[in-house]
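**Q** This one is upload09.txt, compact mmCIF, C-alpha atoms.
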```
# COMPACT_ATOMS: atom_id res chain seq x y z
CA MET A 1 0.00 0.00 0.00
CA ASN A 2 1.47 3.35 -1.04
CA ASP A 3 1.80 6.21 1.45
CA ARG A 4 -0.01 9.15 -0.17
CA ARG A 5 0.48 11.54 2.73
CA THR A 6 1.86 14.87 1.52
CA VAL A 7 4.74 16.31 3.54
CA SER A 8 4.55 20.08 3.85
CA THR A 9 7.68 22.23 3.60
CA GLU A 10 8.02 25.77 4.89
CA ARG A 11 8.79 28.48 2.35
CA PRO A 12 8.96 32.29 2.59
CA ALA A 13 5.72 34.21 2.08
CA THR A 14 5.38 37.39 0.03
CA THR A 15 4.23 40.18 2.36
CA ALA A 16 4.65 43.94 2.63
CA ASN A 17 5.83 46.44 5.22
CA GLY A 18 2.89 47.21 7.49
CA ILE A 19 3.97 50.76 8.38
CA LEU A 20 3.57 52.00 4.80
CA MET A 21 0.22 50.29 4.38
CA LEU A 22 -0.97 51.68 7.72
CA LEU A 23 -0.12 55.23 6.63
CA ALA A 24 -1.84 54.68 3.29
CA GLY A 25 -4.95 53.27 4.97
CA LEU A 26 -5.15 56.10 7.48
CA GLY A 27 -4.63 58.66 4.73
CA LEU A 28 -7.45 57.27 2.61
CA THR A 29 -9.75 56.93 5.63
CA LEU A 30 -9.22 60.60 6.54
CA LEU A 31 -9.39 61.77 2.95
CA GLY A 32 -12.87 60.32 2.40
CA PRO A 33 -14.72 62.54 4.93
CA VAL A 34 -12.82 65.62 3.68
CA TRP A 35 -13.93 64.86 0.14
CA ILE A 36 -17.56 64.52 1.20
CA ILE A 37 -17.53 67.68 3.36
CA GLN A 38 -16.24 69.79 0.47
CA ASN A 39 -19.44 69.23 -1.52
CA PRO A 40 -22.03 67.20 0.43
CA ASP A 41 -24.67 67.84 -2.23
CA SER A 42 -22.68 66.14 -4.97
CA ALA A 43 -23.44 62.44 -5.42
CA LEU A 44 -20.07 61.98 -7.06
CA ASN A 45 -18.28 63.36 -4.00
CA ILE A 46 -20.33 61.20 -1.66
CA VAL A 47 -19.64 58.03 -3.66
CA GLY A 48 -15.96 58.92 -4.06
CA GLY A 49 -15.54 59.72 -0.36
CA ALA A 50 -17.30 56.53 0.73
CA SER A 51 -15.19 54.50 -1.69
CA THR A 52 -12.01 56.13 -0.36
CA ILE A 53 -12.98 55.31 3.24
CA THR A 54 -13.80 51.72 2.23
CA VAL A 55 -10.45 51.27 0.49
CA GLY A 56 -8.62 52.71 3.52
CA LEU A 57 -10.39 50.37 5.92
CA PHE A 58 -9.81 47.51 3.50
CA LEU A 59 -6.07 48.16 3.51
CA MET A 60 -5.92 48.27 7.31
CA CYS A 61 -7.71 44.91 7.55
CA GLY A 62 -4.57 43.28 6.12
CA LEU A 63 -2.31 44.47 8.96
CA TYR A 64 -0.80 42.09 11.52
CA SER A 65 2.26 42.15 13.76
CA LEU A 66 4.94 39.56 14.53
CA GLN A 67 7.20 39.41 17.57
CA PRO A 68 10.75 37.99 17.53
CA ASN A 69 10.76 34.20 17.11
CA GLU A 70 7.19 34.20 15.85
CA GLY A 71 5.88 33.30 12.42
CA ALA A 72 2.64 33.56 10.47
CA ALA A 73 1.55 30.96 7.94
CA ILE A 74 -0.24 32.65 5.02
CA LEU A 75 -3.12 30.77 3.37
CA LEU A 76 -5.36 31.60 0.42
CA PHE A 77 -8.66 29.74 0.61
CA GLY A 78 -6.96 26.85 2.41
CA GLU A 79 -3.87 26.74 0.18
CA TYR A 80 -0.54 27.29 1.92
CA ARG A 81 1.32 30.24 0.36
CA GLY A 82 4.31 30.55 2.69
CA THR A 83 5.41 31.64 6.17
CA ASP A 84 6.31 35.19 7.17
CA ARG A 85 9.05 35.40 9.83
CA ALA A 86 9.79 39.14 9.53
CA THR A 87 9.18 40.94 12.82
CA GLY A 88 7.19 44.13 13.30
CA LEU A 89 4.05 45.40 11.56
CA ARG A 90 3.35 43.45 8.36
CA TRP A 91 0.68 43.55 5.68
CA VAL A 92 -0.91 41.06 3.32
CA LEU A 93 -4.06 41.20 1.24
CA PRO A 94 -7.04 40.96 3.62
CA TRP A 95 -8.48 37.81 2.02
CA TYR A 96 -5.34 35.90 2.99
CA THR A 97 -5.65 33.94 6.24
CA ARG A 98 -2.86 34.30 8.81
CA LYS A 99 -2.05 31.56 11.33
CA LYS A 100 0.48 32.62 13.91
CA ILE A 101 2.88 30.09 15.43
CA SER A 102 5.54 30.49 18.12
CA LEU A 103 9.09 29.54 17.10
CA ARG A 104 10.52 29.97 20.60
CA ALA A 105 12.16 27.17 22.58
CA ARG A 106 9.77 25.40 24.95
CA ASN A 107 10.61 23.54 28.14
CA VAL A 108 8.50 20.50 29.03
CA THR A 109 8.80 18.22 32.05
CA SER A 110 6.93 15.00 31.43
CA ASP A 111 4.70 13.29 33.95
CA THR A 112 6.38 10.67 36.15
CA LEU A 113 5.88 7.36 34.38
CA LYS A 114 5.95 3.89 35.90
CA VAL A 115 7.77 1.52 33.51
CA ASN A 116 9.74 -1.73 33.62
CA ASP A 117 13.47 -1.52 33.00
CA ARG A 118 15.47 -4.05 31.00
CA ARG A 119 15.46 -6.53 33.89
CA GLY A 120 11.72 -6.15 34.43
CA SER A 121 12.02 -4.08 37.62
CA PRO A 122 9.36 -1.36 37.94
CA VAL A 123 10.89 2.13 38.03
CA GLU A 124 9.58 5.67 38.08
CA ILE A 125 11.04 7.97 35.43
CA ALA A 126 10.46 11.47 34.05
CA ALA A 127 12.29 13.65 31.53
CA ASN A 128 12.85 17.33 30.88
CA VAL A 129 12.81 18.18 27.17
CA VAL A 130 13.60 21.46 25.37
CA TRP A 131 12.01 21.65 21.92
CA ARG A 132 11.06 24.23 19.30
CA VAL A 133 9.21 24.43 16.00
CA GLU A 134 11.67 24.23 13.11
CA ASP A 135 9.29 23.92 10.16
CA SER A 136 6.04 25.85 10.67
CA ALA A 137 4.31 24.24 7.69
CA GLN A 138 4.83 20.72 9.00
CA ALA A 139 3.78 21.73 12.52
CA LEU A 140 0.53 23.32 11.34
CA PHE A 141 -0.50 21.05 8.48
CA ASP A 142 1.13 17.61 8.89
CA VAL A 143 -0.20 16.84 12.39
CA ASP A 144 -3.51 17.70 14.01
CA ASP A 145 -2.12 19.38 17.17
CA TYR A 146 1.65 19.63 17.21
CA GLN A 147 1.90 20.44 20.94
CA ALA A 148 -0.18 17.42 21.98
CA PHE A 149 1.72 15.32 19.43
CA VAL A 150 5.09 16.28 20.98
CA ASN A 151 3.87 15.55 24.53
CA ILE A 152 2.65 12.09 23.53
CA GLN A 153 5.87 11.30 21.67
CA ILE A 154 7.95 12.38 24.69
CA GLU A 155 6.06 9.91 26.88
CA THR A 156 6.30 7.12 24.29
CA GLY A 157 10.02 7.70 23.64
CA LEU A 158 10.78 7.79 27.37
CA ARG A 159 9.01 4.47 27.90
CA ASP A 160 10.92 2.91 25.02
CA ILE A 161 14.32 4.15 26.24
CA ALA A 162 13.67 3.03 29.83
CA SER A 163 12.85 -0.50 28.66
CA HIS A 164 16.25 -0.84 26.95
CA TYR A 165 18.38 -0.13 30.04
CA ALA A 166 18.59 -1.55 33.55
CA TYR A 167 18.18 0.77 36.52
CA ASP A 168 21.66 -0.03 37.84
CA HIS A 169 24.45 -2.56 37.35
CA GLY A 170 23.49 -4.95 40.13
CA GLU A 171 25.77 -7.95 40.38
CA GLN A 172 28.43 -7.94 37.65
CA GLU A 173 30.45 -10.98 36.68
CA GLU A 174 34.20 -10.52 36.54
CA GLY A 175 35.56 -10.10 33.03
CA VAL A 176 32.17 -8.97 31.66
CA GLU A 177 31.94 -5.41 30.40
CA ALA A 178 29.39 -3.38 32.35
CA GLU A 179 26.29 -2.38 30.37
CA LEU A 180 24.86 1.12 30.29
CA THR A 181 22.37 1.81 33.07
CA LEU A 182 19.84 4.54 33.74
CA ARG A 183 21.41 5.62 37.02
CA ALA A 184 25.14 5.38 36.31
CA ASP A 185 25.16 6.53 32.67
CA ALA A 186 22.74 9.46 32.66
CA GLU A 187 24.65 11.40 29.99
CA GLU A 188 24.67 8.53 27.49
CA VAL A 189 21.01 7.71 28.18
CA ALA A 190 20.07 11.39 27.70
CA GLU A 191 21.86 11.43 24.36
CA LYS A 192 20.00 8.30 23.22
CA LEU A 193 16.71 9.82 24.43
CA GLN A 194 17.34 13.02 22.45
CA ILE A 195 18.04 11.05 19.26
CA GLU A 196 14.95 8.89 19.83
CA LEU A 197 12.68 11.90 20.35
CA ALA A 198 14.16 13.80 17.40
CA ASN A 199 13.26 10.90 15.10
CA ARG A 200 9.74 10.69 16.52
CA VAL A 201 8.80 14.38 16.25
CA ARG A 202 10.49 15.11 12.91
CA VAL A 203 7.17 14.56 11.13
CA ALA A 204 5.77 17.56 13.03
CA GLY A 205 8.61 19.88 12.02
CA VAL A 206 9.92 19.98 15.60
CA ALA A 207 13.57 19.96 16.71
CA ILE A 208 14.74 18.61 20.08
CA ASP A 209 17.42 20.86 21.57
CA GLU A 210 17.96 18.93 24.82
CA ALA A 211 16.57 15.93 26.69
CA ARG A 212 17.50 14.98 30.27
CA LEU A 213 16.20 12.59 32.90
CA ALA A 214 14.46 14.70 35.54
CA HIS A 215 13.40 11.89 37.92
CA LEU A 216 14.57 8.32 38.38
CA ALA A 217 13.69 5.97 41.24
CA TYR A 218 12.52 2.45 41.95
CA ALA A 219 8.77 2.04 42.20
CA PRO A 220 7.51 2.16 45.83
CA GLU A 221 6.60 -1.55 45.95
CA ILE A 222 10.23 -2.64 45.45
CA ALA A 223 12.11 0.40 46.70
CA GLY A 224 12.68 -1.11 50.19
CA ALA A 225 13.95 -4.42 48.84
CA MET A 226 16.25 -2.71 46.35
CA LEU A 227 17.63 -0.45 49.09
CA ARG A 228 18.50 -3.50 51.20
CA ARG A 229 20.15 -5.11 48.17
CA GLN A 230 22.23 -2.00 47.55
CA GLN A 231 23.23 -1.90 51.22
CA ALA A 232 24.24 -5.58 51.08
CA GLU A 233 26.29 -4.98 47.94
CA ALA A 234 28.03 -2.04 49.60
CA ILE A 235 28.85 -4.13 52.67
CA LEU A 236 30.19 -6.99 50.53
CA SER A 237 32.29 -4.59 48.50
CA ALA A 238 33.73 -3.05 51.67
CA ARG A 239 34.45 -6.49 53.17
CA ARG A 240 36.16 -7.57 49.98
CA LEU A 241 38.39 -4.52 50.11
CA ILE A 242 39.18 -5.07 53.82
CA VAL A 243 40.08 -8.73 53.29
CA ARG A 244 42.27 -7.89 50.29
CA GLY A 245 44.13 -5.29 52.34
CA ALA A 246 44.43 -7.61 55.35
CA VAL A 247 45.92 -10.40 53.25
CA GLY A 248 48.51 -7.98 51.89
CA MET A 249 49.41 -6.81 55.41
CA VAL A 250 49.77 -10.39 56.70
CA GLU A 251 51.94 -11.34 53.73
CA SER A 252 54.14 -8.29 54.34
CA ALA A 253 54.44 -9.12 58.06
CA LEU A 254 55.51 -12.71 57.41
CA THR A 255 58.01 -11.58 54.80
CA ASP A 256 59.54 -8.99 57.15
CA LEU A 257 59.81 -11.52 60.01
CA SER A 258 61.48 -14.01 57.71
CA ASP A 259 63.90 -11.52 56.13
CA ARG A 260 64.96 -10.01 59.46
CA ARG A 261 65.08 -13.43 61.17
CA VAL A 262 63.17 -12.13 64.16
CA VAL A 263 61.64 -15.53 64.81
CA GLU A 264 61.65 -18.87 63.05
CA LEU A 265 58.11 -20.07 62.32
CA ASP A 266 57.12 -23.47 61.05
CA GLU A 267 54.03 -23.93 58.88
CA GLU A 268 51.71 -24.54 61.84
CA ARG A 269 52.85 -21.38 63.65
CA LYS A 270 52.53 -19.39 60.42
CA ALA A 271 48.96 -20.65 60.02
CA ALA A 272 48.12 -19.64 63.59
CA MET A 273 49.68 -16.20 63.10
CA VAL A 274 47.82 -15.66 59.83
CA SER A 275 44.54 -16.66 61.51
CA ASN A 276 45.07 -14.30 64.42
CA LEU A 277 46.12 -11.37 62.22
CA LEU A 278 43.14 -11.80 59.88
CA VAL A 279 40.78 -11.90 62.85
CA VAL A 280 42.26 -8.69 64.23
CA LEU A 281 42.33 -6.87 60.87
CA CYS A 282 38.96 -7.99 59.50
CA ALA A 283 36.81 -7.92 62.63
CA ASP A 284 34.16 -5.20 62.93
CA ARG A 285 34.78 -4.75 66.63
CA GLU A 286 37.91 -4.12 68.62
CA ALA A 287 40.03 -7.24 69.29
CA GLN A 288 40.46 -8.43 72.92
CA PRO A 289 44.04 -9.50 73.76
CA VAL A 290 44.53 -12.98 75.26
CA VAL A 291 47.68 -13.81 77.24
CA ASN A 292 48.87 -17.33 76.46
CA THR A 293 50.91 -18.73 79.36
CA GLY A 294 51.51 -22.06 77.68
CA THR A 295 52.82 -23.01 74.27
CA LEU A 296 51.24 -23.40 70.87
CA TYR A 297 51.31 -27.20 71.20
CA SER A 298 49.96 -27.67 74.72
```
As a first step, turn the structure in this file into structure tokens.
**A**
Amino acid sequence: MNDRRTVSTERPATTANGILMLLAGLGLTLLGPVWIIQNPDSALNIVGGASTITVGLFLMCGLYSLQPNEGAAILLFGEYRGTDRATGLRWVLPWYTRKKISLRARNVTSDTLKVNDRRGSPVEIAANVVWRVEDSAQALFDVDDYQAFVNIQIETGLRDIASHYAYDHGEQEEGVEAELTLRADAEEVAEKLQIELANRVRVAGVAIDEARLAHLAYAPEIAGAMLRRQQAEAILSARRLIVRGAVGMVESALTDLSDRRVVELDEERKAAMVSNLLVVLCADREAQPVVNTGTLYS
């Protein structure tokens, strides 16, 4: 099935300076009564004066003004004739229709959405998006309501991006490269989100200037469990670091004792010393000294 949808493209409109047309309209409007007053009994003067006033008012009906970063789409009986982006007072023939559209940057913070991440965990996520109209013709004529269209596409794109990434790394196997996550790689995720949204809203003539995650959290029903998991992972990581450091200190102590010949230790005494040192170095509470009045073997 062929796609017969016509894509609109913005083009410049032919308009005139409104100041000149305003002066001309005012001049004709004032000239009409003067013409009639000069000879009110003359039908020709009355018709000429009324016609002059009508023409003056007609000219002023074509006036409109544009602010900076604002455009006006010009239509003739429904046919698009171009977009005027010139600021100030402008003029076009009165039977042309003018549709104004803002070209300024707009800042939108999406509603907080509840979605499942790549691992299926429910998370809450929201985004802040800066967008602007780039092609006024597409925005006005290719979609029904370009502002509503952009808001819906922001929500849809955010859901799609969130489903492709995990909330955080969780447990990582050694030797496996860590994948991108929503929490740890916010910059990369924001870049992907901006590209995704730009592709989605291009049909509406809209450009995405910036897209950032504004809110990210686990859903309330699993937030407690995930917090305990993160705490456990932090404790395990700290313990792993402590044990690694303790092993290095014990190895250094045994090497120094052996090199300096402070005491000769057999394998059993070395094992006992290693055990005692690891207990002292790795324990979470202060070690209590024990005085041994006997020997290691009795």
**Q** With distances taken over only C-alpha atoms, which of A:Ala219, A:Ile46, A:Val201, A:Leu66 is nearest to A:Asp142?
**A**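 Closest residue, counting only C-alpha atoms: A:Val201.
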**Q** Under the rule that all atoms listed in the file are counted, which of A:Glu124, A:Asp84, A:Glu196, A:Glu70 is the nearest residue to A:Ile161?
**A**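 Closest to A:Ile161, using all atoms listed in the file: A:Glu196.
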**Q** Could you tell me how far atom CA of A:Ile208 lies from atom CA of A:Val108, in Å and to one decimal?
**A**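 A separation of 11.1 Å between them.
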**Q** Which polymer residues, protein or nucleic acid, are no farther than 12 Å from (-0.5, 51.8, 3.9), counting only C-alpha atoms, as JSON, numbers by chain?
**A** {"A": [16, 17, 18, 19, 20, 21, 22, 23, 24, 25, 26, 27, 28, 29, 55, 56, 57, 58, 59, 60, 61, 62, 63, 89, 90, 91, 92, 93]}
**Q** Neighbouring residues of A:Asn151 were defined as those with any atom within 9 Å, considering all atoms listed in the file; residues of the same chain fewer than 4 positions away were excluded. Please report them as a PyMOL selection string.
**A** chain A and resi 108+110+146-147+155-156
**Q** Restricting the output to C-alpha atoms, write the selected residues as a compact mmCIF listing (two decimals), in the frame of the given file.
**A**
```txt
# COMPACT_ATOMS: atom_id res chain seq x y z
CA VAL A 108 8.50 20.50 29.03
CA SER A 110 6.93 15.00 31.43
CA TYR A 146 1.65 19.63 17.21
CA GLN A 147 1.90 20.44 20.94
CA GLU A 155 6.06 9.91 26.88
CA THR A 156 6.30 7.12 24.29
```
**Q** State, in Å with one decimal place, the distance from atom CA of A:Leu75 to atom CA of A:Ala204.
**A**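 Distance between the two atoms: 18.6 Å.
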**Q** Can you tell me how far atom CA of A:Gly32 sits from atom CA of A:Ala50, in Å to one decimal?
**A**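 Atom-to-atom, atom CA of A:Gly32 to atom CA of A:Ala50, that is 6.1 Å.
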**Q** Taking every listed atom of stretch 108-122 of chain A and adding 6 Å to each side, what centre and edge lengths in Å (one decimal) does the axis-aligned box have, as lines of an AutoDock Vina configuration file?
**A**
```
center_x = 10.1
center_y = 7.0
center_z = 33.5
size_x = 22.8
size_y = 39.0
size_z = 20.9
```
**Q** Taking all atoms listed in the file into account, name the residue in A:Glu210, A:Asp135, A:Asp160, A:Glu10 that is nearest to A:Val115.
**A**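 Result for the nearest residue to A:Val115: A:Asp160.
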**Q** Given all atoms listed in the file as the basis, pick out the residue of A:Ala139, A:Asp168, A:Glu134, A:Leu213 nearest to A:Glu187.
**A**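 Of all the options, A:Leu213 lies closest to A:Glu187.
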**Q** Have a look at A:Leu31, A:Ala162, A:Gly248, A:Asn107 and name the one nearest to A:Thr52; count all atoms listed in the file.
**A**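 Going through A:Leu31, A:Ala162, A:Gly248, A:Asn107 one by one, the smallest distance to A:Thr52 is for A:Leu31.
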**Q** So which one's closest to A:Gln194, A:Trp131, A:Tyr218, A:Phe149, A:Phe141? Using all atoms listed in the file, please.
**A**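 Of the candidates, the smallest distance to A:Gln194 is held by A:Trp131.
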**Q** How about completing stretch 138-159 of chain A with N, CA and C atoms and giving it to me as a short mmCIF file (atom, residue, chain, number, x, y, z; two decimals), in the coordinates of the input?
**A**
```cif
data_model
loop_
_atom_site.label_atom_id
_atom_site.label_comp_id
_atom_site.auth_asym_id
_atom_site.auth_seq_id
_atom_site.Cartn_x
_atom_site.Cartn_y
_atom_site.Cartn_z
N GLN A 138 5.05 22.07 8.50
CA GLN A 138 4.83 20.72 9.00
C GLN A 138 4.07 20.74 10.33
N ALA A 139 4.43 21.67 11.22
CA ALA A 139 3.78 21.73 12.52
C ALA A 139 2.30 22.04 12.39
N LEU A 140 1.92 22.91 11.47
CA LEU A 140 0.53 23.32 11.34
C LEU A 140 -0.31 22.38 10.48
N PHE A 141 0.29 21.76 9.47
CA PHE A 141 -0.50 21.05 8.48
C PHE A 141 -0.24 19.54 8.40
N ASP A 142 0.85 19.05 8.99
CA ASP A 142 1.13 17.61 8.89
C ASP A 142 0.66 16.82 10.11
N VAL A 143 0.36 17.50 11.21
CA VAL A 143 -0.20 16.84 12.39
C VAL A 143 -1.39 17.67 12.86
N ASP A 144 -2.29 17.03 13.60
CA ASP A 144 -3.51 17.70 14.01
C ASP A 144 -3.24 18.78 15.05
N ASP A 145 -2.48 18.44 16.10
CA ASP A 145 -2.12 19.38 17.17
C ASP A 145 -0.67 19.10 17.54
N TYR A 146 0.23 19.94 17.06
CA TYR A 146 1.65 19.63 17.21
C TYR A 146 2.10 19.63 18.67
N GLN A 147 1.50 20.44 19.53
CA GLN A 147 1.90 20.44 20.94
C GLN A 147 1.49 19.13 21.63
N ALA A 148 0.27 18.70 21.41
CA ALA A 148 -0.18 17.42 21.98
C ALA A 148 0.62 16.27 21.38
N PHE A 149 0.94 16.36 20.09
CA PHE A 149 1.72 15.32 19.43
C PHE A 149 3.09 15.18 20.09
N VAL A 150 3.76 16.31 20.35
CA VAL A 150 5.09 16.28 20.98
C VAL A 150 5.01 15.69 22.38
N ASN A 151 4.00 16.08 23.16
CA ASN A 151 3.87 15.55 24.53
C ASN A 151 3.68 14.04 24.53
N ILE A 152 2.88 13.54 23.60
CA ILE A 152 2.65 12.09 23.53
C ILE A 152 3.92 11.37 23.10
N GLN A 153 4.65 11.94 22.14
CA GLN A 153 5.87 11.30 21.67
C GLN A 153 6.96 11.32 22.74
N ILE A 154 6.99 12.35 23.58
CA ILE A 154 7.95 12.38 24.69
C ILE A 154 7.68 11.22 25.64
N GLU A 155 6.42 11.02 25.97
CA GLU A 155 6.06 9.91 26.88
C GLU A 155 6.39 8.56 26.25
N THR A 156 6.05 8.40 24.96
CA THR A 156 6.30 7.12 24.29
C THR A 156 7.80 6.85 24.16
N GLY A 157 8.58 7.87 23.77
CA GLY A 157 10.02 7.70 23.64
C GLY A 157 10.69 7.40 24.96
N LEU A 158 10.21 8.03 26.04
CA LEU A 158 10.78 7.79 27.37
C LEU A 158 10.52 6.36 27.81
N ARG A 159 9.32 5.87 27.56
CA ARG A 159 9.01 4.47 27.90
C ARG A 159 9.91 3.51 27.13
#
```
